[in-house]
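See below for run-v1.cif, which holds mmCIF, C-alpha atoms.
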```
data_data
#
loop_
_atom_site.label_atom_id
_atom_site.label_comp_id
_atom_site.auth_asym_id
_atom_site.auth_seq_id
_atom_site.Cartn_x
_atom_site.Cartn_y
_atom_site.Cartn_z
CA MET M 206 -14.47 -12.23 2.35
CA SER M 207 -11.98 -9.79 3.80
CA LEU M 208 -10.64 -6.31 3.33
CA GLU M 209 -6.91 -5.64 3.46
CA LEU M 210 -6.44 -2.08 4.67
CA TRP M 211 -3.13 -0.19 4.45
CA LEU M 212 -2.95 2.87 6.71
CA ILE M 213 -0.11 5.21 5.80
CA ARG M 214 1.12 8.23 7.74
CA HIS M 215 1.93 11.36 5.71
CA GLY M 216 5.52 12.44 4.95
CA GLN M 217 7.36 14.86 7.20
CA THR M 218 6.02 18.42 7.19
CA THR M 219 7.79 21.70 7.93
CA TRP M 220 5.82 21.81 11.18
CA ASN M 221 6.93 18.26 12.11
CA ALA M 222 10.51 19.42 11.63
CA GLU M 223 9.90 22.51 13.79
CA GLY M 224 8.07 20.52 16.50
CA ARG M 225 4.79 22.40 15.94
CA ILE M 226 1.48 20.97 17.07
CA GLN M 227 -0.43 20.32 13.86
CA GLY M 228 -3.78 18.65 14.45
CA GLN M 229 -6.11 19.71 11.69
CA THR M 230 -4.23 22.83 10.60
CA ASN M 231 -2.46 22.53 7.25
CA SER M 232 1.30 22.61 6.88
CA GLN M 233 3.19 21.47 3.81
CA LEU M 234 5.55 18.55 3.28
CA SER M 235 9.21 19.40 3.88
CA GLU M 236 11.87 18.46 1.35
CA LEU M 237 12.50 15.29 3.38
CA GLY M 238 8.76 14.62 3.43
CA VAL M 239 8.64 14.78 -0.37
CA GLN M 240 11.60 12.36 -0.57
CA GLN M 241 9.88 10.00 1.86
CA ALA M 242 6.73 10.06 -0.26
CA LYS M 243 8.81 9.22 -3.34
CA CYS M 244 10.41 6.25 -1.55
CA LEU M 245 6.89 5.20 -0.62
CA ALA M 246 5.88 5.48 -4.29
CA GLU M 247 8.58 2.94 -5.23
CA ARG M 248 7.38 0.67 -2.44
CA LEU M 249 3.77 0.85 -3.61
CA ALA M 250 4.60 0.47 -7.30
CA GLY M 251 4.06 -3.30 -7.19
CA GLU M 252 0.83 -3.10 -5.19
CA SER M 253 -2.65 -2.71 -6.52
CA PHE M 254 -5.50 -1.16 -4.57
CA ASP M 255 -9.21 -1.22 -5.28
CA PHE M 256 -9.85 1.80 -3.07
CA THR M 257 -7.63 4.80 -2.30
CA PHE M 258 -8.70 7.04 0.55
CA SER M 259 -7.04 10.11 1.98
CA SER M 260 -7.55 12.61 4.75
CA ASP M 261 -8.36 15.97 3.18
CA SER M 262 -5.50 17.65 5.10
CA ASP M 263 -2.80 18.93 2.73
CA ARG M 264 0.01 16.76 4.12
CA ALA M 265 -1.91 13.49 3.66
CA ARG M 266 -3.31 14.48 0.27
CA HIS M 267 0.13 15.53 -1.03
CA THR M 268 1.70 12.27 0.25
CA GLY M 269 -1.03 10.27 -1.48
CA GLU M 270 -0.60 12.17 -4.75
CA LEU M 271 3.16 11.59 -4.75
CA ALA M 272 2.93 7.94 -3.68
CA LEU M 273 0.13 6.88 -6.03
CA PRO M 274 0.21 9.43 -8.86
CA LYS M 275 -2.28 7.51 -11.00
CA ALA M 276 -4.85 6.93 -8.31
CA GLU M 277 -7.92 9.04 -7.80
CA LEU M 278 -7.97 9.76 -4.09
CA GLN M 279 -11.29 9.76 -2.26
CA PHE M 280 -11.04 12.42 0.41
CA ASP M 281 -12.67 11.91 3.75
CA GLU M 282 -12.42 14.41 6.57
CA ARG M 283 -12.98 11.62 9.12
CA LEU M 284 -9.38 10.54 8.39
CA ARG M 285 -8.02 13.86 9.69
CA GLU M 286 -5.66 14.06 12.66
CA ILE M 287 -7.10 14.68 16.13
CA SER M 288 -7.93 18.36 16.57
CA PHE M 289 -5.79 20.30 19.04
CA GLY M 290 -8.10 23.30 18.79
CA LEU M 291 -6.65 26.57 19.99
CA ILE M 292 -3.03 25.42 20.37
CA GLU M 293 -2.46 24.23 16.79
CA GLY M 294 0.51 25.85 15.05
CA LYS M 295 2.52 26.39 18.21
CA THR M 296 5.57 24.59 19.55
CA HIS M 297 5.42 23.41 23.16
CA ALA M 298 7.89 26.16 24.10
CA GLU M 299 5.56 28.78 22.64
CA LEU M 300 2.55 27.81 24.77
CA ASN M 301 1.61 30.50 27.27
CA GLU M 302 0.62 29.66 30.83
CA GLU M 303 -3.06 29.24 30.07
CA GLU M 304 -2.32 27.04 27.05
CA GLN M 305 0.11 24.93 29.08
CA ALA M 306 -2.63 24.40 31.65
CA TRP M 307 -4.98 23.26 28.85
CA PHE M 308 -2.36 20.83 27.64
CA GLU M 309 -1.72 19.44 31.13
CA HIS M 310 -5.44 18.97 31.66
CA TYR M 311 -5.71 17.18 28.30
CA LYS M 312 -2.76 14.90 29.13
CA GLN M 313 -4.27 13.88 32.48
CA ASP M 314 -7.03 11.99 30.71
CA PRO M 315 -6.80 12.44 26.95
CA TYR M 316 -9.58 9.92 26.46
CA LYS M 317 -12.08 12.36 27.96
CA HIS M 318 -10.36 15.75 27.96
CA SER M 319 -9.69 17.99 24.99
CA ILE M 320 -7.97 21.29 24.26
CA PRO M 321 -10.58 24.09 23.88
CA GLN M 322 -12.19 23.75 20.43
CA GLY M 323 -10.31 20.45 20.00
CA GLU M 324 -11.17 16.77 20.32
CA SER M 325 -10.76 14.10 23.00
CA TRP M 326 -9.39 10.68 22.08
CA LYS M 327 -12.92 9.40 22.53
CA GLN M 328 -14.30 11.79 19.91
CA HIS M 329 -11.35 11.07 17.63
CA ILE M 330 -11.75 7.32 17.81
CA GLU M 331 -15.51 7.53 17.26
CA ARG M 332 -14.88 9.53 14.11
CA LEU M 333 -12.45 6.86 12.80
CA ALA M 334 -14.75 4.03 13.86
CA ALA M 335 -17.52 5.67 11.82
CA TRP M 336 -15.16 5.79 8.82
CA MET M 337 -14.28 2.13 9.24
CA GLN M 338 -17.96 1.21 9.36
CA ASP M 339 -18.34 2.62 5.85
CA LEU M 340 -15.41 0.66 4.39
CA PRO M 341 -16.03 -1.90 1.64
CA SER M 342 -16.18 -5.48 2.92
CA SER M 343 -13.64 -6.95 0.51
CA GLY M 344 -10.69 -6.02 -1.67
CA ARG M 345 -7.59 -3.95 -0.99
CA ALA M 346 -7.74 -0.40 0.30
CA VAL M 347 -5.15 2.21 1.18
CA ALA M 348 -5.72 5.31 3.30
CA PHE M 349 -3.32 8.24 3.66
CA SER M 350 -3.77 9.58 7.13
CA HIS M 351 -2.05 10.70 10.33
CA GLY M 352 -0.06 9.25 13.25
CA GLY M 353 -2.76 9.91 15.83
CA SER M 354 -5.48 8.53 13.58
CA ILE M 355 -3.61 5.30 12.82
CA ARG M 356 -2.91 4.91 16.53
CA ALA M 357 -6.62 5.42 17.23
CA VAL M 358 -7.48 2.59 14.82
CA ILE M 359 -4.90 0.25 16.40
CA PHE M 360 -6.05 1.02 19.94
CA SER M 361 -9.67 0.58 18.88
CA ILE M 362 -8.68 -3.03 18.11
CA LEU M 363 -6.36 -3.72 21.07
CA GLY M 364 -8.14 -1.56 23.63
CA TYR M 365 -6.75 1.63 25.12
CA PRO M 366 -3.76 1.29 27.44
CA LYS M 367 -4.66 2.26 31.00
CA ASN M 368 -1.86 4.80 31.33
CA TYR M 369 -2.59 6.33 27.91
CA GLU M 370 1.04 5.92 26.96
CA TRP M 371 1.64 6.39 23.32
CA ASN M 372 4.17 3.60 23.08
CA MET M 373 3.83 2.67 19.44
CA SER M 374 5.80 4.57 16.85
CA PHE M 375 4.23 5.73 13.61
CA GLU M 376 6.92 7.24 11.41
CA ASN M 377 6.33 9.49 8.45
CA THR M 378 5.14 7.29 5.53
CA GLY M 379 5.22 4.18 7.78
CA ILE M 380 2.79 1.46 6.66
CA THR M 381 0.34 -0.25 9.02
CA ARG M 382 -1.76 -3.09 7.60
CA LEU M 383 -4.98 -4.68 8.81
CA ARG M 384 -7.18 -7.52 7.65
CA ILE M 385 -10.83 -6.89 8.37
CA THR M 386 -13.59 -9.45 8.09
CA GLU M 387 -17.16 -9.28 9.26
CA THR M 388 -16.20 -10.84 12.59
CA SER M 389 -12.56 -9.92 13.17
CA LYS M 390 -9.87 -7.29 12.82
CA LEU M 391 -6.31 -8.59 12.57
CA ILE M 392 -3.17 -6.45 12.65
CA LEU M 393 -0.78 -7.60 9.92
CA SER M 394 1.96 -5.05 10.47
CA VAL M 395 2.60 -1.79 12.29
CA ASN M 396 4.84 1.01 11.05
CA ASP M 397 6.72 -0.85 8.37
CA SER M 398 9.09 1.79 7.01
CA ALA M 399 11.55 -0.46 5.19
CA HIS M 400 11.28 1.81 2.12
CA LEU M 401 13.01 4.60 4.08
CA GLU M 402 16.15 2.62 4.92
CA THR M 403 18.32 4.10 2.17
CA LEU M 404 17.09 7.59 2.99
CA LYS M 405 17.86 7.13 6.70
CA ARG M 406 21.39 5.94 5.98
CA GLY M 407 21.88 9.09 3.87
CA MET P 228 18.64 1.55 25.99
CA LEU P 229 17.96 -1.97 24.74
CA ASN P 230 17.07 -2.34 21.07
CA LEU P 231 15.37 -5.68 20.53
CA TYR P 232 14.62 -7.36 17.19
CA LEU P 233 12.15 -10.24 17.44
CA ILE P 234 12.13 -12.50 14.38
CA ARG P 235 9.64 -15.21 13.62
CA HIS P 236 11.21 -18.34 12.08
CA GLY P 237 10.90 -19.15 8.35
CA GLU P 238 8.15 -21.36 7.01
CA SER P 239 8.40 -24.84 8.56
CA LYS P 240 7.44 -28.25 7.20
CA TRP P 241 4.81 -28.97 9.82
CA SER P 242 3.07 -25.61 9.36
CA VAL P 243 2.61 -26.45 5.66
CA GLN P 244 1.22 -29.87 6.63
CA GLY P 245 -1.13 -28.20 9.15
CA ARG P 246 0.54 -29.99 12.06
CA THR P 247 0.43 -28.35 15.49
CA GLN P 248 4.03 -27.50 16.34
CA GLY P 249 4.27 -26.10 19.84
CA GLN P 250 7.51 -27.26 21.46
CA HIS P 251 7.78 -30.59 19.66
CA PRO P 252 11.53 -31.06 19.14
CA SER P 253 11.29 -33.24 16.02
CA LYS P 254 14.15 -32.72 13.61
CA GLU P 255 11.63 -33.53 10.87
CA ASN P 256 10.14 -30.11 11.40
CA GLY P 257 12.83 -28.02 9.73
CA LEU P 258 12.37 -25.20 7.25
CA THR P 259 10.75 -25.73 3.86
CA GLU P 260 12.52 -24.51 0.71
CA LEU P 261 10.41 -21.35 0.90
CA GLY P 262 11.38 -21.02 4.57
CA LYS P 263 15.06 -21.14 3.64
CA ARG P 264 14.56 -18.50 0.95
CA GLN P 265 12.75 -16.29 3.46
CA ALA P 266 15.68 -16.65 5.87
CA LYS P 267 18.15 -15.71 3.15
CA ALA P 268 16.09 -12.65 2.20
CA LEU P 269 16.16 -11.66 5.87
CA LYS P 270 19.93 -12.20 5.97
CA THR P 271 20.37 -9.71 3.11
CA LYS P 272 18.12 -7.23 4.86
CA LEU P 273 20.10 -7.50 8.12
CA GLU P 274 23.54 -7.31 6.54
CA LEU P 275 24.01 -3.60 7.29
CA GLU P 276 23.00 -3.93 10.92
CA ALA P 277 25.32 -4.83 13.79
CA PHE P 278 24.02 -6.84 16.73
CA ASP P 279 25.73 -7.33 20.08
CA VAL P 280 24.02 -10.61 20.91
CA ILE P 281 22.14 -13.21 18.86
CA TYR P 282 19.59 -15.35 20.67
CA SER P 283 17.46 -18.18 19.39
CA SER P 284 14.84 -20.58 20.63
CA ASP P 285 16.41 -24.05 20.68
CA LEU P 286 13.64 -25.51 18.50
CA PRO P 287 14.86 -26.61 15.03
CA ARG P 288 12.76 -24.17 12.97
CA ALA P 289 14.05 -21.12 14.87
CA LEU P 290 17.62 -22.30 15.14
CA GLU P 291 17.80 -23.11 11.44
CA THR P 292 16.52 -19.62 10.59
CA ALA P 293 19.11 -18.07 12.93
CA SER P 294 21.95 -20.14 11.46
CA LEU P 295 21.02 -19.17 7.90
CA CYS P 296 21.05 -15.48 8.86
CA PHE P 297 24.20 -15.64 11.00
CA PRO P 298 26.26 -18.62 9.78
CA ASP P 299 29.53 -17.49 11.38
CA ILE P 300 28.43 -16.04 14.70
CA LYS P 301 27.74 -17.70 18.01
CA ILE P 302 24.04 -18.08 18.68
CA GLN P 303 22.85 -18.24 22.29
CA GLN P 304 20.11 -20.81 22.64
CA ASP P 305 17.46 -20.31 25.29
CA GLU P 306 14.52 -22.59 25.94
CA ARG P 307 12.50 -19.69 27.36
CA LEU P 308 12.19 -18.54 23.75
CA ARG P 309 10.35 -21.68 22.68
CA GLU P 310 6.85 -21.56 21.21
CA ILE P 311 3.89 -22.08 23.53
CA ASP P 312 3.85 -25.69 24.77
CA ARG P 313 0.95 -27.58 23.24
CA ALA P 314 2.00 -30.82 24.98
CA ASP P 315 0.26 -33.89 23.51
CA LEU P 316 -1.59 -31.82 20.91
CA ALA P 317 1.67 -31.33 18.99
CA ALA P 318 2.70 -33.28 15.88
CA LYS P 319 -0.87 -33.97 14.78
CA THR P 320 -3.03 -32.50 12.03
CA HIS P 321 -6.68 -31.70 12.60
CA GLU P 322 -7.72 -34.91 10.80
CA GLU P 323 -5.51 -37.01 13.06
CA ARG P 324 -7.13 -35.74 16.23
CA SER P 325 -9.63 -37.53 18.41
CA LEU P 326 -12.91 -35.87 19.30
CA GLU P 327 -11.55 -35.24 22.81
CA GLU P 328 -8.55 -33.40 21.40
CA ARG P 329 -10.74 -31.31 19.12
CA LYS P 330 -12.86 -30.34 22.13
CA LEU P 331 -9.70 -29.40 24.01
CA ILE P 332 -8.62 -27.11 21.20
CA ALA P 333 -12.02 -25.42 21.12
CA PHE P 334 -11.68 -24.90 24.89
CA ILE P 335 -8.24 -23.30 24.47
CA LYS P 336 -9.54 -20.99 21.77
CA GLU P 337 -12.24 -19.71 24.15
CA ASN P 338 -9.57 -18.02 26.25
CA ARG P 339 -6.00 -18.39 25.09
CA PHE P 340 -4.70 -16.32 28.01
CA LEU P 341 -6.02 -18.77 30.61
CA ASN P 342 -6.85 -22.14 29.07
CA ARG P 343 -4.11 -24.70 28.57
CA PRO P 344 -3.90 -28.33 27.49
CA PRO P 345 -2.88 -30.85 30.21
CA LYS P 346 0.90 -30.54 30.76
CA GLY P 347 0.96 -27.61 28.33
CA GLU P 348 0.96 -23.81 28.55
CA ASN P 349 -1.44 -20.91 28.19
CA PHE P 350 -0.57 -17.48 26.80
CA GLN P 351 0.10 -16.07 30.28
CA ASP P 352 2.64 -18.82 30.97
CA VAL P 353 4.53 -17.74 27.87
CA MET P 354 4.38 -14.08 28.91
CA LEU P 355 5.92 -14.99 32.27
CA ARG P 356 8.87 -16.86 30.81
CA VAL P 357 9.45 -14.17 28.17
CA GLU P 358 9.44 -11.56 30.95
CA ASP P 359 11.92 -13.70 32.87
CA TRP P 360 14.18 -13.90 29.81
CA LEU P 361 13.98 -10.14 29.25
CA LYS P 362 15.35 -9.56 32.75
CA ASP P 363 18.56 -11.37 31.78
CA LEU P 364 19.27 -9.04 28.86
CA PRO P 365 21.85 -6.26 29.14
CA GLU P 366 20.43 -2.79 29.80
CA SER P 367 22.08 -1.35 26.78
CA ALA P 368 22.63 -3.42 23.64
CA LYS P 369 21.27 -4.30 20.24
CA VAL P 370 19.87 -7.82 20.44
CA ILE P 371 18.26 -10.05 17.81
CA VAL P 372 16.11 -13.03 18.75
CA PHE P 373 14.92 -15.86 16.52
CA THR P 374 11.74 -17.18 17.96
CA HIS P 375 8.06 -17.94 17.37
CA GLY P 376 4.75 -16.18 16.71
CA GLY P 377 3.38 -16.93 20.17
CA VAL P 378 6.49 -15.56 21.86
CA ILE P 379 6.44 -12.34 19.83
CA ARG P 380 2.75 -11.82 20.58
CA SER P 381 3.51 -12.45 24.27
CA ALA P 382 6.29 -9.88 24.25
CA LEU P 383 3.90 -7.36 22.69
CA ALA P 384 1.25 -8.21 25.26
CA LEU P 385 3.75 -7.42 28.03
CA PHE P 386 4.08 -3.86 26.77
CA ILE P 387 0.70 -3.12 25.21
CA GLU P 388 -2.22 -4.36 27.22
CA PHE P 389 -4.65 -6.30 25.10
CA LYS P 390 -7.49 -8.66 25.68
CA HIS P 391 -7.11 -11.37 23.06
CA ALA P 392 -4.05 -13.36 22.12
CA ARG P 393 -4.77 -13.37 18.38
CA TYR P 394 -4.81 -9.71 17.37
CA PHE P 395 -1.55 -9.97 15.47
CA ASP P 396 -1.02 -12.15 12.43
CA LEU P 397 2.75 -12.49 12.08
CA ASP P 398 4.52 -13.67 8.93
CA ASN P 399 7.48 -16.03 8.70
CA THR P 400 10.72 -14.01 9.17
CA GLY P 401 8.76 -10.81 9.90
CA ILE P 402 10.65 -8.30 12.07
CA THR P 403 9.18 -6.81 15.23
CA GLU P 404 11.33 -4.14 16.87
CA LEU P 405 11.16 -2.76 20.40
CA LYS P 406 13.14 -0.16 22.29
CA LEU P 407 13.29 -0.71 26.03
CA SER P 408 14.62 1.67 28.63
CA LYS P 409 14.09 1.65 32.39
CA ASP P 410 10.87 3.61 32.38
CA LYS P 411 9.57 3.28 28.86
CA THR P 412 9.09 0.75 26.09
CA ARG P 413 8.38 1.69 22.53
CA VAL P 414 7.08 -0.61 19.84
CA LEU P 415 8.92 0.64 16.76
CA ARG P 416 7.44 -1.78 14.24
CA VAL P 417 5.50 -5.01 14.13
CA ASN P 418 5.97 -7.69 11.48
CA ASP P 419 7.98 -5.71 8.94
CA CYS P 420 8.28 -8.22 6.10
CA ALA P 421 9.19 -5.89 3.26
CA HIS P 422 12.21 -8.14 2.53
CA LEU P 423 9.85 -10.90 1.41
CA GLY P 424 8.59 -8.74 -1.45
CA ALA P 425 7.23 -10.75 -4.34
CA PHE P 426 7.43 -14.29 -3.01
CA ASN P 427 5.35 -13.47 0.03
CA ALA P 428 2.26 -12.98 -2.07
#
```
The structure in this file should be written as structure tokens.
Amino acid sequence: MSLELWLIRHGQTTWNAEGRIQGQTNSQLSELGVQQAKCLAERLAGESFDFTFSSDSDRARHTGELALPKAELQFDERLREISFGLIEGKTHAELNEEEQAWFEHYKQDPYKHSIPQGESWKQHIERLAAWMQDLPSSGRAVAFSHGGSIRAVIFSILGYPKNYEWNMSFENTGITRLRITETSKLILSVNDSAHLETLKRG
Amino acid sequence: MLNLYLIRHGESKWSVQGRTQGQHPSKENGLTELGKRQAKALKTKLELEAFDVIYSSDLPRALETASLCFPDIKIQQDERLREIDRADLAAKTHEERSLEERKLIAFIKENRFLNRPPKGENFQDVMLRVEDWLKDLPESAKVIVFTHGGVIRSALALFIEFKHARYFDLDNTGITELKLSKDKTRVLRVNDCAHLGAFNA
């Protein structure tokens, strides 16, 4: 008995394009993001899922609605991105001195530190681990979520890198697949974005 | 910046028969018909990409996959890209093994990083020779490598620390892509096998 779980990052948002820190604040899909979600829809057309989950953030929900228009998404706030608290909505250039100091402190040990009113990696991963605990034990499931949250799931399997380097890419609408049994979690693929190839070539 | 594509070989005859492959050089262990189709699907997928160098493990299943994808281009063979060496455990199915050999396999599974069969390799040995091979690559190029599941997992283990050798389940002809610069490595994708579409199921 095993569960195949597809974790999909949302399409590009206007804030992604502007380099704004998003976290749990809503921003909408950009035109490119909508196109990416449509490419994803073609990719998923041949797949069938028993369970369709989504973060309740607008960008994940909208991606899920475009990619699987017939599915009824089950929203779960535990799939949200990590919270960046008081600095959400700003670009790095817009951070004032105090906010820059918060960010530096966070970066020193993101596993323990957080931005004021935000989350540490530890809190973030515990939230996703709790979500995974509640997953069905067999069948095929898809979850529309966020780069940081998919990374948290992957690192919860592999262990956290000592230097906290974020060295795995999770592109907009990239697909990461896992096979979960009672005793093991296997990574089947990370950031498969083959459906975007035509779009990238322009 | 070095852009590295790591490709697992197509389905091989011995893997279908459940025979341990390792580094056994037998010509018998070529690609199955499905393996050849997988390689051709990969060829189509790679047609729009341009590579500076094409490497392959010198074992038949990898070399055959490479030749099907790049029939007209010189392929550099390198034995450091071979699968993990299973020594005398190779060429046999589970049923053909003695009790001793079955015990040895159970021992290896306890810690794949450290435990090796006599005359064979453990996962760390593979990581070392893959690291050695990486040092010989140009600093800036787009390189494709036809190799084996154990080698691709070792390459990943060099850049992402992890505790067990079996976290990743890699498909035949799946693409794993890395970007390496002096101070940073990025894992761009692991086991992209979208090109296999329907016949992978």
Could you check how far atom CA of M:Phe258 sits from atom CA of M:Glu277, in Å to one decimal?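 Taking atom CA of M:Phe258 and atom CA of M:Glu277, their separation equals 8.6 Å.
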Spatial neighbours of P:Ala277, 10 Å, all atoms listed in the file, chain gap at least 3 places, as an mmCIF file with C-alpha atoms, in the coordinates of the input:
```cif
data_model
loop_
_atom_site.group_PDB
_atom_site.id
_atom_site.type_symbol
_atom_site.label_atom_id
_atom_site.label_comp_id
_atom_site.auth_asym_id
_atom_site.auth_seq_id
_atom_site.Cartn_x
_atom_site.Cartn_y
_atom_site.Cartn_z
ATOM 1 C CA LEU P 273 20.100 -7.500 8.120
ATOM 2 C CA GLU P 274 23.540 -7.310 6.540
ATOM 3 C CA VAL P 280 24.020 -10.610 20.910
ATOM 4 C CA LYS P 369 21.270 -4.300 20.240
ATOM 5 C CA VAL P 370 19.870 -7.820 20.440
ATOM 6 C CA ILE P 371 18.260 -10.050 17.810
#
```
Hits of the PyMOL selection byres ((chain P) within 7 of (chain M)) in this structure, as a ChimeraX atom specification: /P:387-390,394-397,412-419,421
What's the 7 Å shell around P:Ala368, counting all atoms listed in the file, without same-chain residues fewer than 2 positions away, as an MDAnalysis selection string? chainID P and resid 228:230 279 365:366 370
Name the residues that the PyMOL selection byres ((chain M and resi 207-213) around 8) picks from the file above, as an NGL selection string, using the file's chain letters and numbers. :M and (206 or 214-215 or 341-351 or 355 or 378-387)
In Å to one decimal, how far is atom CA of M:Leu234 from atom CA of M:Leu284?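 Answer for the atom CA of M:Leu284 to atom CA of M:Leu234 separation: 17.7 Å.
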Residue members of the PyMOL selection byres ((chain M and resi 241) around 10) in the file shown, as a ChimeraX atom specification: /M:215-217,234-240,242-246,268,271-272,377-379,398,400-401,404-405
Please, could N, CA, C and O atoms be added to stretch 410-425 of chain P and the result written as a compact mmCIF listing (two decimals), in the coordinates of the input?
```txt
# COMPACT_ATOMS: atom_id res chain seq x y z
N ASP P 410 12.24 3.17 32.09
CA ASP P 410 10.87 3.61 32.38
C ASP P 410 9.93 3.57 31.18
O ASP P 410 8.76 3.86 31.31
N LYS P 411 10.45 3.21 30.01
CA LYS P 411 9.57 3.28 28.86
C LYS P 411 9.92 2.23 27.80
O LYS P 411 11.08 1.95 27.57
N THR P 412 8.89 1.66 27.21
CA THR P 412 9.09 0.75 26.09
C THR P 412 8.39 1.34 24.88
O THR P 412 7.28 1.86 24.99
N ARG P 413 9.04 1.26 23.76
CA ARG P 413 8.38 1.69 22.53
C ARG P 413 8.34 0.54 21.55
O ARG P 413 9.32 -0.18 21.38
N VAL P 414 7.20 0.37 20.92
CA VAL P 414 7.08 -0.61 19.84
C VAL P 414 7.38 0.16 18.55
O VAL P 414 6.62 1.03 18.16
N LEU P 415 8.53 -0.13 17.94
CA LEU P 415 8.92 0.64 16.76
C LEU P 415 8.26 0.11 15.49
O LEU P 415 7.94 0.87 14.60
N ARG P 416 8.14 -1.20 15.39
CA ARG P 416 7.44 -1.78 14.24
C ARG P 416 7.02 -3.21 14.59
O ARG P 416 7.64 -3.85 15.43
N VAL P 417 5.99 -3.65 13.93
CA VAL P 417 5.50 -5.01 14.13
C VAL P 417 5.43 -5.70 12.77
O VAL P 417 4.84 -5.16 11.84
N ASN P 418 6.07 -6.85 12.67
CA ASN P 418 5.97 -7.69 11.48
C ASN P 418 6.33 -6.98 10.18
O ASN P 418 5.60 -7.05 9.20
N ASP P 419 7.46 -6.29 10.18
CA ASP P 419 7.98 -5.71 8.94
C ASP P 419 8.49 -6.89 8.10
O ASP P 419 9.42 -7.59 8.48
N CYS P 420 7.84 -7.12 6.96
CA CYS P 420 8.28 -8.22 6.10
C CYS P 420 8.49 -7.73 4.68
O CYS P 420 8.26 -8.45 3.72
N ALA P 421 8.93 -6.48 4.58
CA ALA P 421 9.19 -5.89 3.26
C ALA P 421 10.23 -6.69 2.48
O ALA P 421 10.21 -6.73 1.25
N HIS P 422 11.16 -7.37 3.20
CA HIS P 422 12.21 -8.14 2.53
C HIS P 422 11.65 -9.34 1.78
O HIS P 422 12.33 -9.92 0.93
N LEU P 423 10.42 -9.74 2.08
CA LEU P 423 9.85 -10.90 1.41
C LEU P 423 9.28 -10.54 0.03
O LEU P 423 9.12 -11.42 -0.82
N GLY P 424 9.01 -9.27 -0.15
CA GLY P 424 8.59 -8.74 -1.45
C GLY P 424 7.68 -9.69 -2.21
O GLY P 424 6.65 -10.11 -1.68
N ALA P 425 8.10 -10.02 -3.41
CA ALA P 425 7.23 -10.75 -4.34
C ALA P 425 6.84 -12.14 -3.85
O ALA P 425 5.68 -12.53 -3.95
```
